[in-house]
>>> print(open('data_19.cif').read())   # mmCIF, C-alpha atoms (C1' of nucleotides)
data_final
#
loop_
_atom_site.label_atom_id
_atom_site.label_comp_id
_atom_site.auth_asym_id
_atom_site.auth_seq_id
_atom_site.Cartn_x
_atom_site.Cartn_y
_atom_site.Cartn_z
CA MET A 15 97.81 100.37 102.99
CA VAL A 16 99.56 97.03 103.45
CA PRO A 17 102.75 97.17 105.53
CA GLN A 18 104.93 96.33 102.54
CA ALA A 19 103.65 99.33 100.67
CA LYS A 20 105.72 101.81 102.60
CA LEU A 21 108.79 99.62 102.64
CA MET A 22 108.48 99.31 98.89
CA LYS A 23 109.05 103.00 98.34
CA GLY A 24 112.55 103.45 97.16
CA THR A 25 113.14 99.81 96.41
CA ALA A 26 110.57 99.19 93.67
CA ASN A 27 112.80 100.71 91.00
CA SER A 28 115.77 98.70 92.18
CA LEU A 29 113.78 95.50 91.98
CA LEU A 30 112.66 96.31 88.45
CA LEU A 31 116.14 97.23 87.25
CA CYS A 32 117.51 94.12 88.87
CA LEU A 33 115.04 91.85 87.09
CA LEU A 34 115.48 93.55 83.75
CA SER A 35 119.26 93.39 84.04
CA GLN A 36 118.93 89.63 83.75
CA GLN A 37 116.61 89.60 80.76
CA PRO A 38 114.02 91.74 79.01
CA MET A 39 110.52 91.22 80.36
CA TYR A 40 107.03 92.55 79.83
CA GLY A 41 104.87 94.03 82.56
CA TYR A 42 102.63 91.14 83.35
CA GLN A 43 105.62 88.81 83.41
CA ILE A 44 107.45 91.08 85.84
CA ILE A 45 104.55 90.94 88.28
CA LYS A 46 104.43 87.15 88.14
CA GLU A 47 108.19 86.75 88.26
CA LEU A 48 108.61 89.00 91.29
CA GLU A 49 105.92 87.06 93.09
CA ARG A 50 107.47 83.73 92.16
CA ARG A 51 111.02 84.63 93.10
CA SER A 52 110.02 86.22 96.41
CA ALA A 53 107.99 83.17 97.38
CA GLY A 54 104.78 85.17 97.17
CA TYR A 55 105.91 88.22 99.11
CA PHE A 56 106.01 90.81 96.34
CA ARG A 57 102.69 91.28 94.61
CA PHE A 58 103.09 94.38 92.52
CA LYS A 59 99.83 96.06 91.61
CA GLU A 60 99.36 97.09 88.03
CA GLY A 61 98.75 100.64 89.18
CA THR A 62 102.22 100.52 90.69
CA LEU A 63 104.09 98.68 88.01
CA TYR A 64 103.06 100.33 84.77
CA PRO A 65 103.57 103.91 85.94
CA ALA A 66 106.92 102.80 87.41
CA LEU A 67 108.01 101.31 84.08
CA HIS A 68 106.93 104.48 82.30
CA ARG A 69 108.94 106.59 84.74
CA LEU A 70 112.00 104.40 84.25
CA GLU A 71 111.61 104.66 80.50
CA LYS A 72 111.22 108.42 80.63
CA ALA A 73 114.39 108.56 82.72
CA GLY A 74 116.21 106.54 80.05
CA LEU A 75 116.87 103.61 82.38
CA VAL A 76 114.80 101.10 80.42
CA MET A 77 113.38 100.96 76.92
CA GLY A 78 110.07 99.40 75.96
CA ARG A 79 109.60 97.62 72.64
CA TRP A 80 106.33 96.25 71.41
CA ARG A 81 106.48 92.71 70.16
CA LEU A 82 103.75 91.01 68.20
CA LEU A 83 103.15 87.38 69.08
CA PRO A 84 102.10 84.83 66.45
CA SER A 85 98.78 84.73 68.29
CA GLY A 86 98.28 88.37 67.42
CA ARG A 87 98.67 89.54 71.02
CA GLN A 88 100.87 92.53 71.75
CA ARG A 89 103.45 92.62 74.49
CA LYS A 90 105.72 95.45 75.52
CA TYR A 91 109.12 94.13 76.46
CA TYR A 92 111.32 96.32 78.60
CA HIS A 93 115.08 96.26 78.12
CA ILE A 94 117.54 97.83 80.53
CA THR A 95 119.81 100.50 79.06
CA ASP A 96 123.44 101.27 79.82
CA LYS A 97 122.27 104.12 81.98
CA GLY A 98 119.96 101.67 83.71
CA HIS A 99 122.86 99.34 84.41
CA ARG A 100 124.82 102.15 85.98
CA MET A 101 121.82 103.19 88.03
CA LEU A 102 121.42 99.64 89.27
CA VAL A 103 124.98 99.61 90.54
CA GLU A 104 124.30 102.83 92.40
CA LYS A 105 120.96 101.61 93.75
CA ARG A 106 122.55 98.44 95.04
CA SER A 107 125.17 100.48 96.83
CA GLN A 108 122.54 102.76 98.35
CA TRP A 109 120.58 99.76 99.52
CA GLN A 110 123.65 98.24 101.18
CA ASN A 111 124.41 101.51 102.95
CA PHE A 112 120.86 101.78 104.14
CA LEU A 113 120.92 98.19 105.36
CA ALA A 114 124.15 98.76 107.24
CA ALA A 115 122.69 101.81 108.98
CA MET A 116 119.47 99.98 109.82
CA ASN A 117 121.43 97.13 111.37
CA LEU A 118 123.36 99.54 113.55
CA ILE A 119 120.09 100.76 115.03
CA ILE A 120 117.73 97.83 115.10
CA GLU A 121 120.33 95.18 115.84
CA PRO A 122 122.90 96.96 117.97
CA ALA A 123 126.06 94.85 118.02
CA SER A 124 126.61 95.68 121.67
CA ASN A 125 125.64 98.44 124.07
CA MET B 16 114.82 114.16 97.56
CA VAL B 17 117.86 112.34 98.88
CA PRO B 18 117.96 108.59 98.16
CA GLN B 19 117.45 107.70 101.81
CA ALA B 20 114.21 109.62 101.95
CA LYS B 21 112.21 107.00 100.14
CA LEU B 22 113.87 104.11 101.92
CA MET B 23 113.02 105.81 105.18
CA LYS B 24 109.31 105.54 104.55
CA GLY B 25 108.05 102.63 106.49
CA THR B 26 111.14 102.29 108.63
CA ALA B 27 111.15 105.65 110.38
CA ASN B 28 108.55 104.54 112.90
CA SER B 29 110.43 101.32 113.58
CA LEU B 30 113.61 103.24 114.24
CA LEU B 31 111.85 105.58 116.65
CA LEU B 32 110.12 102.78 118.53
CA CYS B 33 113.38 100.89 118.71
CA LEU B 34 115.25 103.81 120.23
CA LEU B 35 112.49 104.64 122.68
CA SER B 36 112.23 101.01 123.75
CA GLN B 37 115.69 101.41 125.24
CA GLN B 38 115.06 104.66 127.06
CA PRO B 39 112.82 107.73 126.95
CA MET B 40 114.22 110.49 124.77
CA TYR B 41 113.27 113.92 123.59
CA GLY B 42 113.08 114.95 119.95
CA TYR B 43 116.34 116.75 119.53
CA GLN B 44 118.14 113.95 121.33
CA ILE B 45 116.59 111.37 119.02
CA ILE B 46 117.93 113.16 115.97
CA LYS B 47 121.43 113.32 117.42
CA GLU B 48 121.33 109.78 118.73
CA LEU B 49 120.18 108.28 115.42
CA GLU B 50 122.95 110.14 113.65
CA ARG B 51 125.55 109.02 116.17
CA ARG B 52 124.52 105.38 116.22
CA SER B 53 124.27 105.11 112.44
CA ALA B 54 127.72 106.65 112.00
CA GLY B 55 126.21 109.72 110.39
CA TYR B 56 123.86 107.98 107.99
CA PHE B 57 120.50 108.90 109.50
CA ARG B 58 119.94 112.63 109.69
CA PHE B 59 116.28 113.02 110.53
CA LYS B 60 114.86 116.40 109.62
CA GLU B 61 112.76 118.12 112.24
CA GLY B 62 109.89 118.29 109.76
CA THR B 63 110.04 114.51 109.63
CA LEU B 64 110.63 113.73 113.27
CA TYR B 65 108.16 115.87 115.14
CA PRO B 66 105.13 114.98 113.02
CA ALA B 67 106.19 111.34 113.27
CA LEU B 68 106.35 111.52 117.07
CA HIS B 69 102.95 113.18 117.14
CA ARG B 70 101.50 110.44 114.96
CA LEU B 71 102.99 107.76 117.18
CA GLU B 72 101.56 109.48 120.23
CA LYS B 73 98.15 109.83 118.63
CA ALA B 74 98.27 106.12 117.85
CA GLY B 75 99.03 105.38 121.50
CA LEU B 76 102.44 103.90 120.75
CA VAL B 77 104.43 106.51 122.66
CA MET B 78 103.61 109.14 125.28
CA GLY B 79 105.20 112.54 125.55
CA ARG B 80 105.81 114.20 128.91
CA TRP B 81 107.15 117.68 129.34
CA ARG B 82 110.01 117.97 131.75
CA LEU B 83 111.33 121.24 133.15
CA LEU B 84 115.08 121.42 133.50
CA PRO B 85 116.73 123.34 136.35
CA SER B 86 117.91 125.73 133.66
CA GLY B 87 114.29 126.57 132.92
CA ARG B 88 114.35 124.92 129.51
CA GLN B 89 111.50 122.63 128.54
CA ARG B 90 111.97 119.21 127.00
CA LYS B 91 109.35 116.74 125.85
CA TYR B 92 110.42 113.21 126.67
CA TYR B 93 108.76 110.40 124.76
CA HIS B 94 108.15 107.06 126.48
CA ILE B 95 107.17 103.92 124.64
CA THR B 96 103.86 102.35 125.73
CA ASP B 97 102.91 98.69 126.02
CA LYS B 98 101.11 99.03 122.72
CA GLY B 99 104.28 100.53 121.31
CA HIS B 100 106.30 97.55 122.49
CA ARG B 101 103.92 95.16 120.79
CA MET B 102 104.05 97.24 117.63
CA LEU B 103 107.83 97.15 117.68
CA VAL B 104 107.79 93.36 117.76
CA GLU B 105 105.49 93.34 114.77
CA LYS B 106 107.52 95.97 112.90
CA ARG B 107 110.70 94.00 113.43
CA SER B 108 109.04 90.92 112.02
CA GLN B 109 107.74 92.84 109.00
CA TRP B 110 111.19 94.23 108.41
CA GLN B 111 112.75 90.77 108.52
CA ASN B 112 110.18 89.44 106.05
CA PHE B 113 110.80 92.33 103.73
CA LEU B 114 114.56 91.83 103.97
CA ALA B 115 114.22 88.14 103.19
CA ALA B 116 112.14 88.90 100.11
CA MET B 117 114.56 91.57 98.95
CA ASN B 118 117.47 89.19 99.28
CA LEU B 119 115.69 86.64 97.15
CA ILE B 120 115.48 89.16 94.33
CA ILE B 121 118.57 91.30 94.55
CA GLU B 122 120.91 88.55 95.69
CA PRO B 123 119.57 85.42 94.06
CA ALA B 124 121.06 82.40 95.83
CA SER B 125 121.32 80.57 92.53
CA ASN B 126 119.42 80.60 89.29
"C1'" DT C 13 128.54 143.22 124.57
"C1'" DG C 14 126.97 141.42 120.67
"C1'" DA C 15 126.99 137.90 117.07
"C1'" DT C 16 126.76 133.19 116.10
"C1'" DA C 17 125.92 128.53 116.87
"C1'" DA C 18 123.67 125.07 119.35
"C1'" DT C 19 119.66 123.52 121.65
"C1'" DA C 20 114.63 122.62 121.52
"C1'" DC C 21 110.08 122.71 119.94
"C1'" DC C 22 106.57 123.34 116.13
"C1'" DT C 23 103.73 123.64 111.47
"C1'" DA C 24 102.38 124.51 106.43
"C1'" DG C 25 102.71 123.14 101.95
"C1'" DA C 26 105.12 120.52 98.08
"C1'" DT C 27 106.39 116.28 96.42
"C1'" DT C 28 106.21 111.60 95.23
"C1'" DA C 29 105.29 106.92 94.92
"C1'" DC C 30 102.45 103.89 96.51
"C1'" DC C 31 97.33 102.12 96.40
"C1'" DT C 32 92.40 101.30 94.73
"C1'" DA C 33 89.48 101.27 91.16
"C1'" DT C 34 88.40 101.20 86.60
"C1'" DG C 35 88.71 100.56 81.57
"C1'" DT C 36 89.86 97.97 77.26
"C1'" DA C 37 90.90 93.80 74.81
"C1'" DT C 38 92.29 89.01 73.69
"C1'" DA C 39 93.02 84.04 74.90
"C1'" DT C 40 91.92 79.85 77.29
"C1'" DC C 41 89.21 76.53 79.64
"C1'" DC C 42 85.13 74.00 80.77
"C1'" DG D 9 79.07 81.21 76.29
"C1'" DG D 10 80.79 82.48 80.80
"C1'" DA D 11 84.60 82.67 83.88
"C1'" DT D 12 89.33 83.17 84.39
"C1'" DA D 13 93.86 84.45 82.88
"C1'" DT D 14 96.59 87.39 80.16
"C1'" DA D 15 98.06 92.13 78.92
"C1'" DC D 16 98.25 97.10 78.89
"C1'" DA D 17 96.80 101.58 80.70
"C1'" DT D 18 95.18 105.79 83.55
"C1'" DA D 19 92.73 108.71 87.20
"C1'" DG D 20 92.46 109.96 91.68
"C1'" DG D 21 93.26 109.08 96.77
"C1'" DT D 22 96.67 108.63 100.39
"C1'" DA D 23 100.51 109.09 103.34
"C1'" DA D 24 105.12 110.11 104.76
"C1'" DT D 25 108.87 112.35 103.52
"C1'" DC D 26 111.13 116.99 102.47
"C1'" DT D 27 111.85 122.15 102.35
"C1'" DA D 28 111.23 126.14 104.49
"C1'" DG D 29 109.80 128.81 107.78
"C1'" DG D 30 108.65 130.19 112.72
"C1'" DT D 31 109.61 130.87 118.10
"C1'" DA D 32 112.60 130.81 122.04
"C1'" DT D 33 116.50 129.80 125.19
"C1'" DT D 34 121.44 128.80 126.16
"C1'" DA D 35 126.40 128.66 125.22
"C1'" DT D 36 130.51 130.31 122.97
"C1'" DC D 37 133.74 133.52 121.71
"C1'" DA D 38 135.67 137.55 119.65
#
>>> encode(input="data_19.cif", output="structure tokens")
Amino acid sequence: MVPQAKLMKGTANSLLLCLLSQQPMYGYQIIKELERRSAGYFRFKEGTLYPALHRLEKAGLVMGRWRLLPSGRQRKYYHITDKGHRMLVEKRSQWQNFLAAMNLIIEPASN
Amino acid sequence: MVPQAKLMKGTANSLLLCLLSQQPMYGYQIIKELERRSAGYFRFKEGTLYPALHRLEKAGLVMGRWRLLPSGRQRKYYHITDKGHRMLVEKRSQWQNFLAAMNLIIEPASN
DNA sequence: TGATAATACCTAGATTACCTATGTATATCC
DNA sequence: GGATATACATAGGTAATCTAGGTATTATCA
């Protein structure tokens, strides 16, 4: 297991909601976009992403819509829902709290 | 599962190594100390901490030594090893890289 | 004195969200 | 026509958390 893998737990959903809050995207695009924006750091595996999107959809946080391209290829675009937006706000807050606590331990201001 | 739980994965070991790099501690003390220093945020469960300490010991990153108090009570103090110190340096670096990547996604500088 | 809380260690089993590996299919490039 | 990129999907393995339970000693307080 790569080191990131464990750190990813708990943040993967936030990353997905964050991306989709900016614009609808399809799975393959999400993988590429996360890699691009993180300067190569995030490389979501398909076995991670697709089940994650399905879980988010089942939870009503995103909605997938198939779109047929002129080429005949199918893509499933995921849109964030209102519930997803609210969850993102909460996730962001949780992340900030976690960060604050981490900083108190791993970068003690003074002792 | 509380929201922290998932975020904890991958950082729990770093937190433990970080604490123990400052001074040897015993399990119960670690729980209390993490809670105190994080202003109540981190509340390690015993079922999380003790197995984690045992894993760290098995990996040669820490070493536990029983100490008998005058009262007759036994405590197991964990000391960080040289290998543990080196691991801590690496963990800190991994954490910083992860943070940097997260910030690129969840707080885009400009797009 | 006796009950309760705090201290101090431990483990078993459930859960969950990653990963690897694999499958299918189309499009593009040389 | 063969390799690579695009595009979705699932099955099963793994690992680290949690819940829940156990044992035992010490301190507090009614």
>>> resolve_selection(input="data_19.cif", expression="the PyMOL selection byres ((chain B) within 10 of (chain C))", output="list in words")
Met16, Lys21, Tyr41, Gly42, Tyr43, Gln44, Glu61, Gly62, Tyr65, Pro66, Arg88, Gln89, Arg90 and Lys91 of chain B
>>> write_last_selection(input="data_19.cif", atoms="C-alpha atoms", output="PDB file, in the coordinates of the input")
ATOM      1  CA  MET B  16     114.820 114.160  97.560  1.00  0.00           C
ATOM      2  CA  LYS B  21     112.210 107.000 100.140  1.00  0.00           C
ATOM      3  CA  TYR B  41     113.270 113.920 123.590  1.00  0.00           C
ATOM      4  CA  GLY B  42     113.080 114.950 119.950  1.00  0.00           C
ATOM      5  CA  TYR B  43     116.340 116.750 119.530  1.00  0.00           C
ATOM      6  CA  GLN B  44     118.140 113.950 121.330  1.00  0.00           C
ATOM      7  CA  GLU B  61     112.760 118.120 112.240  1.00  0.00           C
ATOM      8  CA  GLY B  62     109.890 118.290 109.760  1.00  0.00           C
ATOM      9  CA  TYR B  65     108.160 115.870 115.140  1.00  0.00           C
ATOM     10  CA  PRO B  66     105.130 114.980 113.020  1.00  0.00           C
ATOM     11  CA  ARG B  88     114.350 124.920 129.510  1.00  0.00           C
ATOM     12  CA  GLN B  89     111.500 122.630 128.540  1.00  0.00           C
ATOM     13  CA  ARG B  90     111.970 119.210 127.000  1.00  0.00           C
ATOM     14  CA  LYS B  91     109.350 116.740 125.850  1.00  0.00           C
TER      15      LYS B  91
END
>>> interface_residues(input="data_19.cif", of="chain D", to="chain A", cutoff="8 Å", atoms="only C-alpha atoms (C1' of nucleotides)", output="MDAnalysis selection string")
chainID D and resid 14:15 17
>>> calpha_fit_and_write(input="data_19.cif", fixed="chain A", moving="chain B", output="short mmCIF file (atom, residue, chain, number, x, y, z; two decimals) with C-alpha atoms, in the coordinates of the input")
data_model
loop_
_atom_site.label_atom_id
_atom_site.label_comp_id
_atom_site.auth_asym_id
_atom_site.auth_seq_id
_atom_site.Cartn_x
_atom_site.Cartn_y
_atom_site.Cartn_z
CA MET B 16 97.87 100.36 102.97
CA VAL B 17 99.60 97.04 103.48
CA PRO B 18 102.84 97.18 105.50
CA GLN B 19 104.96 96.35 102.47
CA ALA B 20 103.66 99.34 100.58
CA LYS B 21 105.76 101.84 102.45
CA LEU B 22 108.83 99.63 102.49
CA MET B 23 108.45 99.28 98.75
CA LYS B 24 108.99 102.97 98.18
CA GLY B 25 112.53 103.44 97.13
CA THR B 26 113.15 99.78 96.40
CA ALA B 27 110.60 99.18 93.66
CA ASN B 28 112.83 100.70 91.01
CA SER B 29 115.81 98.68 92.20
CA LEU B 30 113.81 95.49 91.97
CA LEU B 31 112.68 96.30 88.45
CA LEU B 32 116.15 97.22 87.25
CA CYS B 33 117.54 94.10 88.85
CA LEU B 34 115.07 91.83 87.08
CA LEU B 35 115.49 93.55 83.74
CA SER B 36 119.27 93.38 84.03
CA GLN B 37 118.93 89.62 83.72
CA GLN B 38 116.60 89.59 80.75
CA PRO B 39 114.00 91.74 79.00
CA MET B 40 110.51 91.23 80.36
CA TYR B 41 107.04 92.56 79.84
CA GLY B 42 104.88 94.04 82.58
CA TYR B 43 102.63 91.16 83.37
CA GLN B 44 105.60 88.81 83.40
CA ILE B 45 107.44 91.06 85.84
CA ILE B 46 104.56 90.91 88.30
CA LYS B 47 104.43 87.12 88.12
CA GLU B 48 108.18 86.73 88.23
CA LEU B 49 108.62 88.97 91.28
CA GLU B 50 105.92 87.02 93.06
CA ARG B 51 107.46 83.68 92.12
CA ARG B 52 111.01 84.60 93.06
CA SER B 53 110.03 86.18 96.37
CA ALA B 54 107.98 83.12 97.33
CA GLY B 55 104.78 85.13 97.13
CA TYR B 56 105.91 88.16 99.08
CA PHE B 57 106.02 90.77 96.33
CA ARG B 58 102.68 91.26 94.63
CA PHE B 59 103.09 94.38 92.55
CA LYS B 60 99.82 96.06 91.65
CA GLU B 61 99.38 97.10 88.06
CA GLY B 62 98.78 100.67 89.21
CA THR B 63 102.24 100.55 90.74
CA LEU B 64 104.11 98.70 88.04
CA TYR B 65 103.08 100.35 84.83
CA PRO B 66 103.60 103.93 86.00
CA ALA B 67 106.94 102.83 87.45
CA LEU B 68 108.02 101.33 84.12
CA HIS B 69 106.96 104.49 82.34
CA ARG B 70 108.97 106.61 84.76
CA LEU B 71 112.02 104.40 84.28
CA GLU B 72 111.63 104.67 80.53
CA LYS B 73 111.23 108.43 80.68
CA ALA B 74 114.41 108.57 82.74
CA GLY B 75 116.22 106.55 80.07
CA LEU B 76 116.89 103.62 82.38
CA VAL B 77 114.83 101.10 80.43
CA MET B 78 113.37 100.96 76.92
CA GLY B 79 110.07 99.40 75.98
CA ARG B 80 109.57 97.65 72.65
CA TRP B 81 106.29 96.27 71.45
CA ARG B 82 106.44 92.74 70.19
CA LEU B 83 103.69 91.03 68.22
CA LEU B 84 103.13 87.40 69.08
CA PRO B 85 102.08 84.86 66.44
CA SER B 86 98.79 84.73 68.31
CA GLY B 87 98.24 88.38 67.46
CA ARG B 88 98.63 89.53 71.05
CA GLN B 89 100.82 92.52 71.79
CA ARG B 90 103.43 92.60 74.53
CA LYS B 91 105.70 95.44 75.56
CA TYR B 92 109.12 94.13 76.47
CA TYR B 93 111.32 96.34 78.61
CA HIS B 94 115.10 96.27 78.12
CA ILE B 95 117.54 97.82 80.54
CA THR B 96 119.81 100.51 79.06
CA ASP B 97 123.45 101.27 79.82
CA LYS B 98 122.27 104.13 81.99
CA GLY B 99 119.97 101.68 83.72
CA HIS B 100 122.87 99.35 84.43
CA ARG B 101 124.85 102.16 85.99
CA MET B 102 121.83 103.18 88.04
CA LEU B 103 121.42 99.63 89.27
CA VAL B 104 124.99 99.61 90.56
CA GLU B 105 124.31 102.82 92.42
CA LYS B 106 120.96 101.61 93.77
CA ARG B 107 122.55 98.43 95.06
CA SER B 108 125.17 100.46 96.86
CA GLN B 109 122.54 102.76 98.38
CA TRP B 110 120.58 99.76 99.52
CA GLN B 111 123.63 98.24 101.19
CA ASN B 112 124.39 101.51 102.98
CA PHE B 113 120.83 101.77 104.16
CA LEU B 114 120.87 98.17 105.37
CA ALA B 115 124.10 98.74 107.27
CA ALA B 116 122.64 101.78 109.00
CA MET B 117 119.43 99.95 109.84
CA ASN B 118 121.37 97.10 111.37
CA LEU B 119 123.27 99.50 113.57
CA ILE B 120 120.00 100.71 115.05
CA ILE B 121 117.66 97.76 115.10
CA GLU B 122 120.30 95.15 115.87
CA PRO B 123 122.85 96.96 117.98
CA ALA B 124 126.06 94.92 118.02
CA SER B 125 126.62 95.83 121.65
CA ASN B 126 125.76 98.76 123.84
#
>>> residues_around(input="data_19.cif", residues="A:Leu102", least_positions_apart="2", cutoff="12 Å", atoms="only C-alpha atoms (C1' of nucleotides)", output="list in words")
Thr25, Ala26, Asn27, Ser28, Leu29, Leu30, Leu31, Cys32, Leu33, Leu34, Ser35, Gln36, Leu70, Leu75, Val76, Ile94, Thr95, Asp96, Lys97, Gly98, His99, Arg100, Glu104, Lys105, Arg106, Ser107, Gln108 and Trp109 of chain A; Ile121 of chain B
>>> atom_distance(input="data_19.cif", atom1="atom CA of B:Arg70", atom2="atom CA of B:Ile46")
16.7 Å
>>> closest_atom_pairs(input="data_19.cif", of="chain B", to="chain A", cutoff="6 Å", atoms="only C-alpha atoms", output="JSON lines")
{"residue": "B:Lys21", "atom": "CA", "partner": "A:Gly24", "partner_atom": "CA", "distance": 4.6}
{"residue": "B:Leu22", "atom": "CA", "partner": "A:Gly24", "partner_atom": "CA", "distance": 5.0}
{"residue": "B:Lys24", "atom": "CA", "partner": "A:Lys20", "partner_atom": "CA", "distance": 5.5}
{"residue": "B:Gly25", "atom": "CA", "partner": "A:Lys20", "partner_atom": "CA", "distance": 4.6}
{"residue": "B:Ser53", "atom": "CA", "partner": "A:Ala115", "partner_atom": "CA", "distance": 5.0}
{"residue": "B:Ala116", "atom": "CA", "partner": "A:Ser52", "partner_atom": "CA", "distance": 5.0}
{"residue": "B:Leu119", "atom": "CA", "partner": "A:Ser52", "partner_atom": "CA", "distance": 5.7}
>>> closest_residue(input="data_19.cif", among="A:His93, A:Val103, A:Thr62, A:Ala73", to="A:Gln37", atoms="all atoms listed in the file")
A:His93
>>> build_atoms(input="data_19.cif", residues="stretch 69-84 of chain B", atoms="N, CA and C atoms", output="mmCIF file, in the frame of the given file")
data_model
loop_
_atom_site.group_PDB
_atom_site.id
_atom_site.type_symbol
_atom_site.label_atom_id
_atom_site.label_comp_id
_atom_site.auth_asym_id
_atom_site.auth_seq_id
_atom_site.Cartn_x
_atom_site.Cartn_y
_atom_site.Cartn_z
ATOM 1 N N HIS B 69 104.350 112.840 116.853
ATOM 2 C CA HIS B 69 102.950 113.180 117.140
ATOM 3 C C HIS B 69 102.006 112.097 116.643
ATOM 4 N N ARG B 70 102.326 111.544 115.482
ATOM 5 C CA ARG B 70 101.500 110.440 114.960
ATOM 6 C C ARG B 70 101.590 109.220 115.871
ATOM 7 N N LEU B 71 102.811 108.917 116.295
ATOM 8 C CA LEU B 71 102.990 107.760 117.180
ATOM 9 C C LEU B 71 102.234 107.966 118.498
ATOM 10 N N GLU B 72 102.256 109.199 118.970
ATOM 11 C CA GLU B 72 101.560 109.480 120.230
ATOM 12 C C GLU B 72 100.050 109.350 120.036
ATOM 13 N N LYS B 73 99.586 109.894 118.924
ATOM 14 C CA LYS B 73 98.150 109.830 118.630
ATOM 15 C C LYS B 73 97.690 108.377 118.507
ATOM 16 N N ALA B 74 98.595 107.536 118.025
ATOM 17 C CA ALA B 74 98.270 106.120 117.850
ATOM 18 C C ALA B 74 98.461 105.342 119.150
ATOM 19 N N GLY B 75 98.887 106.034 120.198
ATOM 20 C CA GLY B 75 99.030 105.380 121.500
ATOM 21 C C GLY B 75 100.281 104.517 121.616
ATOM 22 N N LEU B 76 101.232 104.722 120.738
ATOM 23 C CA LEU B 76 102.440 103.900 120.750
ATOM 24 C C LEU B 76 103.544 104.515 121.620
ATOM 25 N N VAL B 77 103.493 105.823 121.764
ATOM 26 C CA VAL B 77 104.430 106.510 122.660
ATOM 27 C C VAL B 77 103.636 107.562 123.432
ATOM 28 N N MET B 78 104.265 108.104 124.488
ATOM 29 C CA MET B 78 103.610 109.140 125.280
ATOM 30 C C MET B 78 104.629 110.212 125.585
ATOM 31 N N GLY B 79 104.287 111.436 125.290
ATOM 32 C CA GLY B 79 105.200 112.540 125.550
ATOM 33 C C GLY B 79 104.904 113.201 126.879
ATOM 34 N N ARG B 80 105.962 113.494 127.627
ATOM 35 C CA ARG B 80 105.810 114.200 128.910
ATOM 36 C C ARG B 80 106.802 115.344 128.975
ATOM 37 N N TRP B 81 106.278 116.519 129.189
ATOM 38 C CA TRP B 81 107.150 117.680 129.340
ATOM 39 C C TRP B 81 107.936 117.567 130.629
ATOM 40 N N ARG B 82 109.193 117.938 130.556
ATOM 41 C CA ARG B 82 110.010 117.970 131.750
ATOM 42 C C ARG B 82 110.718 119.321 131.808
ATOM 43 N N LEU B 83 110.699 119.918 132.963
ATOM 44 C CA LEU B 83 111.330 121.240 133.150
ATOM 45 C C LEU B 83 112.719 121.052 133.733
ATOM 46 N N LEU B 84 113.710 121.516 133.002
ATOM 47 C CA LEU B 84 115.080 121.420 133.500
ATOM 48 C C LEU B 84 115.351 122.524 134.514
#
